[in-house]
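**Q** Compact mmCIF, C-alpha atoms (C1' of nucleotides), saved as entry21.txt, coming up:
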```txt
# COMPACT_ATOMS: atom_id res chain seq x y z
CA MET A 1 0.00 0.00 0.00
CA VAL A 2 1.52 3.28 -1.13
CA SER A 3 -0.79 5.28 0.95
CA VAL A 4 0.23 5.37 4.56
CA LEU A 5 3.66 6.23 5.73
CA ASP A 6 3.22 3.99 8.75
CA ALA A 7 0.29 2.42 10.49
CA PRO A 8 -1.40 4.14 13.42
CA SER A 9 -1.17 2.40 16.75
CA LYS A 10 -4.26 1.42 18.68
CA THR A 11 -3.31 3.93 21.33
CA ASP A 12 -3.09 6.74 18.79
CA SER A 13 -6.54 5.93 17.46
CA THR A 14 -8.07 5.83 20.92
CA GLU A 15 -6.48 9.11 21.97
CA SER A 16 -7.49 10.80 18.72
CA ALA A 17 -11.09 9.64 19.05
CA ALA A 18 -11.23 10.90 22.62
CA ALA A 19 -9.80 14.26 21.61
CA LEU A 20 -12.32 14.53 18.79
CA LEU A 21 -15.27 13.70 21.05
CA ALA A 22 -14.10 16.24 23.64
CA TRP A 23 -13.97 18.86 20.90
CA TYR A 24 -17.43 17.81 19.69
CA ASP A 25 -18.88 18.26 23.15
CA ARG A 26 -17.80 21.90 23.06
CA HIS A 27 -18.27 22.82 19.40
CA ARG A 28 -20.99 20.62 17.94
CA ARG A 29 -23.32 22.35 15.50
CA ILE A 30 -26.98 22.74 16.40
CA LEU A 31 -28.97 21.36 13.46
CA PRO A 32 -32.72 20.84 13.10
CA TRP A 33 -32.37 17.10 12.55
CA ARG A 34 -29.79 16.52 15.24
CA ALA A 35 -30.83 15.35 18.70
CA LEU A 36 -29.60 17.45 21.58
CA PRO A 37 -27.44 15.78 24.24
CA GLY A 38 -29.68 13.44 26.24
CA GLU A 39 -32.37 13.27 23.56
CA THR A 40 -33.16 10.07 21.69
CA PRO A 41 -32.67 10.43 17.95
CA ASP A 42 -35.71 9.75 15.74
CA PRO A 43 -34.62 7.31 13.01
CA TYR A 44 -37.14 8.80 10.57
CA ARG A 45 -35.64 12.26 10.95
CA VAL A 46 -32.09 10.97 10.83
CA TRP A 47 -32.86 9.08 7.64
CA LEU A 48 -34.70 11.99 6.01
CA SER A 49 -31.87 14.39 6.78
CA GLU A 50 -29.19 12.00 5.56
CA ILE A 51 -30.95 11.54 2.23
CA MET A 52 -31.43 15.29 1.79
CA LEU A 53 -27.81 15.98 2.72
CA GLN A 54 -26.38 13.67 0.06
CA GLN A 55 -24.22 15.98 -2.08
CA THR A 56 -26.22 18.93 -0.76
CA THR A 57 -25.19 21.72 1.60
CA VAL A 58 -26.64 22.16 5.07
CA THR A 59 -27.83 25.64 4.08
CA ALA A 60 -29.79 24.31 1.12
CA VAL A 61 -31.31 21.45 3.10
CA LYS A 62 -32.60 23.33 6.16
CA PRO A 63 -35.75 24.91 4.68
CA TYR A 64 -36.58 21.78 2.69
CA TYR A 65 -36.19 19.61 5.76
CA GLU A 66 -38.50 21.78 7.86
CA ARG A 67 -41.21 21.93 5.20
CA PHE A 68 -40.91 18.25 4.35
CA LEU A 69 -41.15 17.16 7.97
CA ALA A 70 -44.18 19.38 8.55
CA ARG A 71 -45.88 17.91 5.51
CA PHE A 72 -44.84 14.29 6.16
CA PRO A 73 -44.30 14.02 9.94
CA THR A 74 -43.88 10.23 10.05
CA VAL A 75 -42.72 7.43 7.81
CA GLU A 76 -46.33 6.25 7.62
CA ALA A 77 -47.51 9.65 6.40
CA LEU A 78 -44.79 9.67 3.77
CA ALA A 79 -45.57 6.13 2.66
CA GLN A 80 -49.23 6.98 2.18
CA ALA A 81 -48.59 10.21 0.25
CA PRO A 82 -49.03 10.32 -3.52
CA GLN A 83 -45.80 10.30 -5.49
CA GLU A 84 -46.66 13.67 -7.00
CA ALA A 85 -46.82 15.31 -3.57
CA VAL A 86 -43.38 13.95 -2.67
CA MET A 87 -41.82 15.17 -5.93
CA GLN A 88 -43.41 18.58 -5.45
CA ALA A 89 -41.97 18.86 -1.95
CA TRP A 90 -38.54 17.97 -3.31
CA ALA A 91 -38.63 20.25 -6.36
CA GLY A 92 -35.59 22.52 -6.47
CA LEU A 93 -33.40 20.39 -4.22
CA GLY A 94 -31.88 18.33 -7.04
CA TYR A 95 -30.96 14.67 -7.56
CA TYR A 96 -34.59 13.67 -7.92
CA SER A 97 -33.96 9.94 -7.80
CA ARG A 98 -33.45 10.59 -4.10
CA ALA A 99 -37.10 11.63 -3.81
CA ARG A 100 -38.33 8.60 -5.71
CA ASN A 101 -36.16 6.28 -3.64
CA LEU A 102 -37.18 8.06 -0.45
CA HIS A 103 -40.82 7.37 -1.19
CA ALA A 104 -40.12 3.76 -2.13
CA CYS A 105 -38.05 3.33 1.03
CA ALA A 106 -40.84 4.71 3.23
CA LYS A 107 -43.30 2.26 1.72
CA MET A 108 -40.88 -0.60 2.27
CA VAL A 109 -40.21 0.36 5.88
CA VAL A 110 -43.95 0.33 6.52
CA ALA A 111 -44.72 -2.83 4.54
CA VAL A 112 -41.68 -4.95 5.42
CA HIS A 113 -40.51 -3.57 8.75
CA GLY A 114 -43.80 -2.56 10.36
CA GLY A 115 -43.01 1.14 10.19
CA ARG A 116 -39.72 0.84 12.12
CA PHE A 117 -36.36 1.41 10.50
CA PRO A 118 -34.05 -1.58 10.90
CA ALA A 119 -31.04 -0.97 13.13
CA GLU A 120 -28.54 -3.18 11.34
CA GLU A 121 -26.34 -1.76 8.58
CA LYS A 122 -26.96 -4.76 6.38
CA ALA A 123 -30.73 -4.40 6.52
CA LEU A 124 -30.50 -0.66 5.96
CA LEU A 125 -28.33 -1.23 2.90
CA SER A 126 -31.07 -3.26 1.27
CA LEU A 127 -33.45 -0.28 1.30
CA PRO A 128 -33.73 1.96 -1.78
CA GLY A 129 -31.63 5.11 -1.66
CA ILE A 130 -29.51 3.89 1.26
CA GLY A 131 -25.92 3.15 0.32
CA ALA A 132 -22.78 2.50 2.34
CA TYR A 133 -22.53 5.99 3.77
CA THR A 134 -26.18 6.41 4.75
CA ALA A 135 -26.47 2.91 6.20
CA GLY A 136 -23.50 3.58 8.44
CA ALA A 137 -24.77 7.02 9.41
CA ILE A 138 -28.22 5.77 10.42
CA ALA A 139 -26.85 2.73 12.27
CA ALA A 140 -24.41 4.87 14.24
CA ILE A 141 -26.44 8.03 14.82
CA ALA A 142 -29.95 6.65 15.25
CA PHE A 143 -29.13 3.28 16.81
CA GLY A 144 -25.73 3.67 18.45
CA LYS A 145 -24.11 0.90 16.41
CA VAL A 146 -20.36 0.74 15.86
CA ALA A 147 -20.38 1.78 12.22
CA VAL A 148 -18.60 4.28 10.00
CA ALA A 149 -20.17 6.90 7.76
CA VAL A 150 -17.53 7.94 5.27
CA ASP A 151 -18.58 11.01 3.33
CA GLY A 152 -16.56 13.75 1.68
CA ASN A 153 -15.78 15.34 5.04
CA VAL A 154 -14.48 12.12 6.52
CA GLU A 155 -12.42 11.37 3.44
CA ARG A 156 -10.76 14.74 3.78
CA VAL A 157 -10.15 14.48 7.54
CA MET A 158 -8.83 10.92 7.42
CA SER A 159 -6.70 11.43 4.32
CA ARG A 160 -5.02 14.34 6.08
CA LEU A 161 -4.72 12.65 9.44
CA HIS A 162 -2.84 9.76 7.82
CA ALA A 163 -1.38 11.59 4.82
CA VAL A 164 -2.99 9.17 2.39
CA THR A 165 -1.23 9.78 -0.90
CA GLU A 166 -3.29 7.32 -2.89
CA PRO A 167 -5.84 9.37 -4.86
CA LEU A 168 -9.61 9.14 -4.57
CA PRO A 169 -11.72 7.30 -5.41
CA SER A 170 -9.33 4.33 -5.31
CA ALA A 171 -8.35 5.22 -1.74
CA LYS A 172 -11.90 4.72 -0.47
CA PRO A 173 -11.41 1.20 0.94
CA LEU A 174 -8.27 2.26 2.79
CA ILE A 175 -9.94 5.34 4.25
CA ARG A 176 -12.88 3.26 5.35
CA GLU A 177 -10.54 0.88 7.21
CA LEU A 178 -8.64 3.74 8.82
CA THR A 179 -11.93 5.23 10.01
CA LEU A 180 -13.29 1.96 11.33
CA ALA A 181 -10.09 1.47 13.32
CA MET A 182 -10.76 4.78 15.05
CA VAL A 183 -14.46 4.35 15.96
CA PRO A 184 -14.92 4.29 19.73
CA GLN A 185 -17.15 1.65 21.34
CA ARG A 186 -18.87 4.22 23.51
CA ARG A 187 -20.27 6.96 21.29
CA PRO A 188 -20.12 5.85 17.68
CA GLY A 189 -22.96 8.16 16.64
CA ASP A 190 -21.34 11.23 18.14
CA PHE A 191 -18.03 10.15 16.65
CA ALA A 192 -19.54 10.03 13.16
CA GLN A 193 -21.09 13.45 13.57
CA ALA A 194 -17.93 14.83 15.13
CA LEU A 195 -15.87 13.81 12.10
CA MET A 196 -18.36 15.55 9.83
CA ASP A 197 -18.48 18.69 11.94
CA LEU A 198 -14.71 18.81 12.02
CA GLY A 199 -14.55 18.48 8.26
CA ALA A 200 -17.22 21.11 7.76
CA THR A 201 -15.88 23.74 10.14
CA ILE A 202 -12.15 23.14 10.80
CA CYS A 203 -10.67 20.65 8.36
CA THR A 204 -12.10 22.48 5.34
CA PRO A 205 -11.06 21.92 1.71
CA LYS A 206 -9.22 25.26 1.51
CA LYS A 207 -7.30 26.98 4.30
CA PRO A 208 -8.05 24.47 7.07
CA ALA A 209 -7.94 25.95 10.57
CA CYS A 210 -5.28 23.55 11.85
CA VAL A 211 -4.56 25.85 14.79
CA LEU A 212 -8.04 25.05 16.17
CA CYS A 213 -8.01 21.35 15.31
CA PRO A 214 -8.24 18.74 18.08
CA LEU A 215 -6.33 16.33 15.83
CA ALA A 216 -3.50 18.73 14.99
CA LEU A 217 -0.94 16.76 16.98
CA PRO A 218 -1.37 13.36 15.33
CA CYS A 219 -2.14 14.83 11.88
CA ARG A 220 0.57 13.71 9.47
CA ALA A 221 -0.45 16.08 6.68
CA ARG A 222 -0.17 19.06 8.99
CA ALA A 223 3.19 17.86 10.25
CA ALA A 224 4.40 18.04 6.66
CA ALA A 225 2.66 21.42 6.10
CA LEU A 226 0.69 19.75 3.33
CA ALA A 227 -2.82 19.67 4.79
CA GLU A 228 -4.36 21.59 1.92
CA THR A 229 -3.00 19.12 -0.64
CA PHE A 230 -5.15 16.28 0.71
CA PRO A 231 -7.18 14.42 -0.29
CA ARG A 232 -5.39 13.63 -3.53
CA LYS A 233 -7.82 13.11 -6.38
CA GLU A 234 -7.86 11.82 -9.92
CA THR A 235 -8.50 14.67 -12.32
CA LYS A 236 -12.00 14.65 -13.67
CA THR A 237 -13.34 15.71 -17.03
CA THR A 238 -16.06 18.28 -17.59
CA GLY A 239 -18.76 17.46 -20.10
CA ARG A 240 -19.26 19.14 -23.43
CA LEU A 241 -21.79 21.91 -23.91
CA ARG A 242 -25.21 20.68 -25.04
CA ARG A 243 -27.83 22.84 -26.74
CA GLY A 244 -31.55 22.50 -27.23
CA ALA A 245 -34.86 24.34 -27.51
CA ALA A 246 -37.66 24.88 -24.98
CA PHE A 247 -41.20 25.76 -25.97
CA VAL A 248 -43.41 27.83 -23.71
CA ALA A 249 -46.93 27.57 -25.11
CA LEU A 250 -49.32 30.07 -23.53
CA ARG A 251 -53.04 29.71 -24.01
CA ALA A 252 -55.30 32.74 -24.21
CA ASP A 253 -56.93 31.76 -20.92
CA GLY A 254 -53.60 32.08 -19.11
CA ARG A 255 -52.55 28.45 -19.07
CA VAL A 256 -49.10 27.06 -19.87
CA LEU A 257 -48.39 23.75 -21.59
CA LEU A 258 -46.52 21.31 -19.34
CA ARG A 259 -45.71 17.64 -19.45
CA THR A 260 -44.05 15.12 -17.16
CA ARG A 261 -40.64 13.67 -17.93
CA PRO A 262 -40.12 9.90 -18.03
CA PRO A 263 -39.79 8.35 -14.56
CA LYS A 264 -36.07 7.58 -14.82
CA GLY A 265 -33.01 9.39 -16.09
CA LEU A 266 -32.24 13.09 -16.07
CA LEU A 267 -34.88 15.04 -14.08
CA GLY A 268 -36.91 11.84 -13.94
CA GLY A 269 -40.54 12.26 -12.97
CA MET A 270 -40.31 16.06 -12.89
CA ALA A 271 -42.48 18.53 -14.78
CA GLU A 272 -41.20 20.46 -17.79
CA VAL A 273 -42.27 22.59 -20.70
CA PRO A 274 -41.87 20.72 -24.01
CA VAL A 275 -38.21 20.60 -25.01
CA SER A 276 -36.11 19.21 -27.84
CA ASP A 277 -33.31 16.72 -27.41
CA TRP A 278 -30.18 18.25 -25.86
CA ARG A 279 -27.13 17.58 -28.00
CA HIS A 280 -23.76 19.20 -28.56
CA ASP A 281 -24.59 19.46 -32.30
CA TYR A 282 -28.20 20.63 -31.95
CA ALA A 283 -29.18 23.07 -34.73
CA ILE A 284 -31.27 25.84 -33.18
CA SER A 285 -32.05 27.14 -36.67
CA GLU A 286 -34.18 24.06 -37.17
CA ALA A 287 -35.69 23.99 -33.68
CA LEU A 288 -39.28 24.56 -34.78
CA ARG A 289 -39.49 21.01 -36.07
CA ASP A 290 -39.37 20.00 -32.37
CA ALA A 291 -42.26 22.27 -31.35
CA PRO A 292 -45.13 20.49 -29.56
CA LEU A 293 -47.77 22.42 -31.55
CA ALA A 294 -47.81 24.30 -34.82
CA GLY A 295 -48.08 27.99 -34.04
CA PRO A 296 -46.66 31.50 -34.23
CA TRP A 297 -43.46 30.69 -32.37
CA ARG A 298 -41.11 33.56 -31.60
CA ARG A 299 -37.71 33.19 -30.04
CA ALA A 300 -37.06 35.03 -26.80
CA PRO A 301 -33.82 37.03 -26.85
CA GLY A 302 -30.75 35.34 -25.42
CA THR A 303 -30.59 31.83 -23.98
CA VAL A 304 -31.12 30.02 -20.72
CA ARG A 305 -27.91 28.57 -19.34
CA HIS A 306 -27.80 25.81 -16.79
CA VAL A 307 -25.05 23.55 -15.51
CA PHE A 308 -25.67 19.94 -14.58
CA THR A 309 -23.10 17.79 -12.86
CA HIS A 310 -21.74 16.32 -16.05
CA PHE A 311 -22.58 18.87 -18.74
CA PRO A 312 -23.49 22.51 -19.31
CA LEU A 313 -26.75 23.26 -21.14
CA GLU A 314 -27.85 26.19 -23.30
CA LEU A 315 -31.54 26.42 -24.21
CA ALA A 316 -33.15 28.64 -26.82
CA VAL A 317 -36.61 29.63 -25.58
CA PHE A 318 -39.56 29.92 -27.93
CA THR A 319 -42.97 31.31 -27.01
CA ALA A 320 -46.34 31.33 -28.74
CA THR A 321 -49.95 32.03 -27.78
CA PHE A 322 -52.83 29.72 -28.68
CA GLY A 323 -56.63 29.91 -28.65
CA ILE A 324 -58.54 28.83 -25.56
CA ASP A 325 -59.94 25.77 -27.33
CA THR A 326 -56.52 24.42 -28.25
CA ALA A 327 -56.26 20.83 -27.06
CA PRO A 328 -53.01 19.70 -25.43
CA PRO A 329 -50.79 17.39 -27.49
CA ALA A 330 -50.35 13.80 -26.31
CA GLY A 331 -48.85 13.71 -22.83
CA GLY A 332 -49.31 17.44 -22.33
CA ARG A 333 -51.57 19.41 -20.00
CA TRP A 334 -52.57 23.06 -19.77
CA VAL A 335 -51.67 24.40 -16.34
CA PRO A 336 -52.91 27.78 -15.04
CA ARG A 337 -50.00 30.18 -14.59
CA HIS A 338 -51.10 30.67 -11.02
CA ASP A 339 -50.60 26.96 -10.33
CA LEU A 340 -47.01 26.74 -11.64
CA ALA A 341 -45.64 27.13 -8.12
CA GLY A 342 -47.37 23.90 -7.16
CA GLU A 343 -45.75 21.92 -9.97
CA ALA A 344 -42.65 19.76 -9.57
CA LEU A 345 -40.55 22.04 -11.76
CA PRO A 346 -36.75 21.70 -11.61
CA ASN A 347 -34.79 24.92 -11.60
CA VAL A 348 -33.77 24.76 -15.23
CA MET A 349 -37.47 24.83 -16.14
CA ARG A 350 -38.12 27.71 -13.77
CA LYS A 351 -35.39 29.61 -15.57
CA VAL A 352 -37.08 28.90 -18.91
CA LEU A 353 -40.47 30.06 -17.61
CA GLU A 354 -38.88 33.15 -16.09
CA LYS A 355 -37.41 34.14 -19.44
CA ALA A 356 -40.61 33.40 -21.36
CA LEU A 357 -43.16 34.83 -18.94
CA GLY A 358 -41.06 37.28 -17.00
CA GLY A 359 -41.83 35.80 -13.62
C1' DC B 1 -15.75 0.83 -12.49
C1' DA B 2 -16.97 4.85 -15.05
C1' DC B 3 -20.85 7.23 -15.74
C1' DT B 4 -25.23 9.43 -14.52
C1' DC B 5 -27.75 12.37 -11.65
C1' DG B 6 -29.18 19.10 -9.64
C1' DT B 7 -28.35 22.98 -7.57
C1' DG B 8 -26.28 26.87 -5.22
C1' DG B 9 -22.20 28.86 -3.19
C1' DT B 10 -17.42 30.21 -3.32
C1' DA B 11 -12.51 31.63 -4.87
C1' DT C 1 -15.50 32.89 -15.89
C1' DT C 2 -14.09 28.61 -14.85
C1' DA C 3 -13.55 25.21 -11.48
C1' DC C 4 -14.53 23.09 -7.54
C1' DC C 5 -17.24 21.71 -3.84
C1' DA C 6 -21.43 19.86 -0.70
C1' DA C 7 -23.64 14.37 5.03
C1' DG C 8 -23.61 9.67 -2.35
C1' DA C 9 -26.49 6.11 -4.74
C1' DG C 10 -27.67 3.38 -8.68
C1' DT C 11 -26.27 1.27 -12.74
```
Written as structure tokens, that's how I'd like the structure from this file.
**A**
Amino acid sequence: MVSVLDAPSKTDSTESAAALLAWYDRHRRILPWRALPGETPDPYRVWLSEIMLQQTTVTAVKPYYERFLARFPTVEALAQAPQEAVMQAWAGLGYYSRARNLHACAKMVVAVHGGRFPAEEKALLSLPGIGAYTAGAIAAIAFGKVAVAVDGNVERVMSRLHAVTEPLPSAKPLIRELTLAMVPQRRPGDFAQALMDLGATICTPKKPACVLCPLALPCRARAAALAETFPRKETKTTGRLRRGAAFVALRADGRVLLRTRPPKGLLGGMAEVPVSDWRHDYAISEALRDAPLAGPWRRAPGTVRHVFTHFPLELAVFTATFGIDTAPPAGGRWVPRHDLAGEALPNVMRKVLEKALGG
DNA sequence: CACTCGTGGTA
DNA sequence: TTACCAAGAGT
């Protein structure tokens, strides 16, 4: 193994974990989904927050979490809700397969587990939307199991603590082992959250506050003055620009033509205005052949730009007005402008509607 | 295992 | 502006 200069001793791990927990007791973040000291964590809330927090910032999650919990207070309430209501509550948060899997998971917890989340990592892993990280997080935080939850924060903290030179993602198994070796028997849930808080507030990607770090002494990256250079990563490629056309059909009675995207894939199950294919060689000059209805289409000035994880997108927006007796094309529906806020519209579609209708 | 899957914030 | 990043999972 190229990665570790030398192995940590059991004593080092124990002392580091104790130092981290002592720091956590003083500096832990207060978060809506986090139980206060002495409180019993609610597995439903822990699970919901962990799903929302996947690749999503705490700031972005907070308002969604509060609204979602108010609307679906229990796993039973969520399981009984219509899919459309769940997607609507998630709209704008991104990664919509999470919402579909969340709903499926709630139904499974009710149907298979009697409405109680299983406490074992293995059983949690078998539920939709719960992978290695989330299974470990729920087992440790909600049920006090000795388990690790290795997310981006933990990868950063552990790769620095041990100066892991092997790049991610190939270093994942090693980092998982290093973390597991450090988990204390006593407070595994607090330990998991402490690692994440440390990564989020002290051991940050840029300019880590090593002076304030409870693990500064044993940290090998800091000893070499190389903390900022960890974790090492394989260079990634950015996708090519794709172009396409979006068609905002407005009916004289103030309704807008919407449709629902296929259940899987990009923006799966979300609402949209009719759009063309999105390709790097899309010819906007011939966009009208992709229009959902024949009509007096006019192109709005400029374009709508949006960046997905793996490609940037540039949409030409076309608008046209139709008579009040115009029937929707197959798969389409006329939605009153006033009701657009209640639709499961991803942000790229809100941008399109903003340009076409001016808010 | 490489790719797919959103969005908003920051340097 | 570009690039990177944020409590990853499914395929």
**Q** Based on all atoms listed in the file, which of the residues in chain B come within 6 Å of chain A? I want them as a list in words.
**A**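 Only these qualify: DC5, DG6 and DT7 of chain B.
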**Q** What separation in Å, quoted to one decimal, exists between CA of Ala356 in chain A and CA of Asp325 in chain A?
**A** 21.6 Å
**Q** Please return, as a PDB file with C-alpha atoms (C1' of nucleotides), in the coordinates of the input, all polymer residues that have at least one atom within 12 Å of the point (-16.5, 11.4, 5.5); use all atoms listed in the file and the file's own coordinate frame.
**A**
```pdb
ATOM      1  CA  GLN A  54     -26.380  13.670   0.060  1.00  0.00           C
ATOM      2  CA  GLN A  55     -24.220  15.980  -2.080  1.00  0.00           C
ATOM      3  CA  ALA A 132     -22.780   2.500   2.340  1.00  0.00           C
ATOM      4  CA  TYR A 133     -22.530   5.990   3.770  1.00  0.00           C
ATOM      5  CA  THR A 134     -26.180   6.410   4.750  1.00  0.00           C
ATOM      6  CA  GLY A 136     -23.500   3.580   8.440  1.00  0.00           C
ATOM      7  CA  ALA A 137     -24.770   7.020   9.410  1.00  0.00           C
ATOM      8  CA  VAL A 148     -18.600   4.280  10.000  1.00  0.00           C
ATOM      9  CA  ALA A 149     -20.170   6.900   7.760  1.00  0.00           C
ATOM     10  CA  VAL A 150     -17.530   7.940   5.270  1.00  0.00           C
ATOM     11  CA  ASP A 151     -18.580  11.010   3.330  1.00  0.00           C
ATOM     12  CA  GLY A 152     -16.560  13.750   1.680  1.00  0.00           C
ATOM     13  CA  ASN A 153     -15.780  15.340   5.040  1.00  0.00           C
ATOM     14  CA  VAL A 154     -14.480  12.120   6.520  1.00  0.00           C
ATOM     15  CA  GLU A 155     -12.420  11.370   3.440  1.00  0.00           C
ATOM     16  CA  ARG A 156     -10.760  14.740   3.780  1.00  0.00           C
ATOM     17  CA  VAL A 157     -10.150  14.480   7.540  1.00  0.00           C
ATOM     18  CA  MET A 158      -8.830  10.920   7.420  1.00  0.00           C
ATOM     19  CA  SER A 159      -6.700  11.430   4.320  1.00  0.00           C
ATOM     20  CA  ARG A 160      -5.020  14.340   6.080  1.00  0.00           C
ATOM     21  CA  LYS A 172     -11.900   4.720  -0.470  1.00  0.00           C
ATOM     22  CA  ILE A 175      -9.940   5.340   4.250  1.00  0.00           C
ATOM     23  CA  ARG A 176     -12.880   3.260   5.350  1.00  0.00           C
ATOM     24  CA  LEU A 178      -8.640   3.740   8.820  1.00  0.00           C
ATOM     25  CA  THR A 179     -11.930   5.230  10.010  1.00  0.00           C
ATOM     26  CA  LEU A 180     -13.290   1.960  11.330  1.00  0.00           C
ATOM     27  CA  PHE A 191     -18.030  10.150  16.650  1.00  0.00           C
ATOM     28  CA  ALA A 192     -19.540  10.030  13.160  1.00  0.00           C
ATOM     29  CA  GLN A 193     -21.090  13.450  13.570  1.00  0.00           C
ATOM     30  CA  ALA A 194     -17.930  14.830  15.130  1.00  0.00           C
ATOM     31  CA  LEU A 195     -15.870  13.810  12.100  1.00  0.00           C
ATOM     32  CA  MET A 196     -18.360  15.550   9.830  1.00  0.00           C
ATOM     33  CA  ASP A 197     -18.480  18.690  11.940  1.00  0.00           C
ATOM     34  CA  LEU A 198     -14.710  18.810  12.020  1.00  0.00           C
ATOM     35  CA  GLY A 199     -14.550  18.480   8.260  1.00  0.00           C
ATOM     36  CA  ALA A 200     -17.220  21.110   7.760  1.00  0.00           C
ATOM     37  CA  CYS A 203     -10.670  20.650   8.360  1.00  0.00           C
ATOM     38  CA  THR A 204     -12.100  22.480   5.340  1.00  0.00           C
ATOM     39  CA  PRO A 231      -7.180  14.420  -0.290  1.00  0.00           C
TER      40      PRO A 231
ATOM     41  C1'  DA C   6     -21.430  19.860  -0.700  1.00  0.00           C
ATOM     42  C1'  DA C   7     -23.640  14.370   5.030  1.00  0.00           C
ATOM     43  C1'  DG C   8     -23.610   9.670  -2.350  1.00  0.00           C
TER      44       DG C   8
END
```
**Q** So, with only C-alpha atoms (C1' of nucleotides) as the atoms that count, which of A:Ala18, A:Ala209, A:Ala142, A:Val58 lies closest to chain C?
**A**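 Among the listed residues, A:Val58 lies closest to chain C.
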**Q** At most 12 Å from (-59.6, 25.1, -24.7), file frame, only C-alpha atoms (C1' of nucleotides): which residues, as a ChimeraX atom specification?
**A** /A:250-257,322-328,333-335
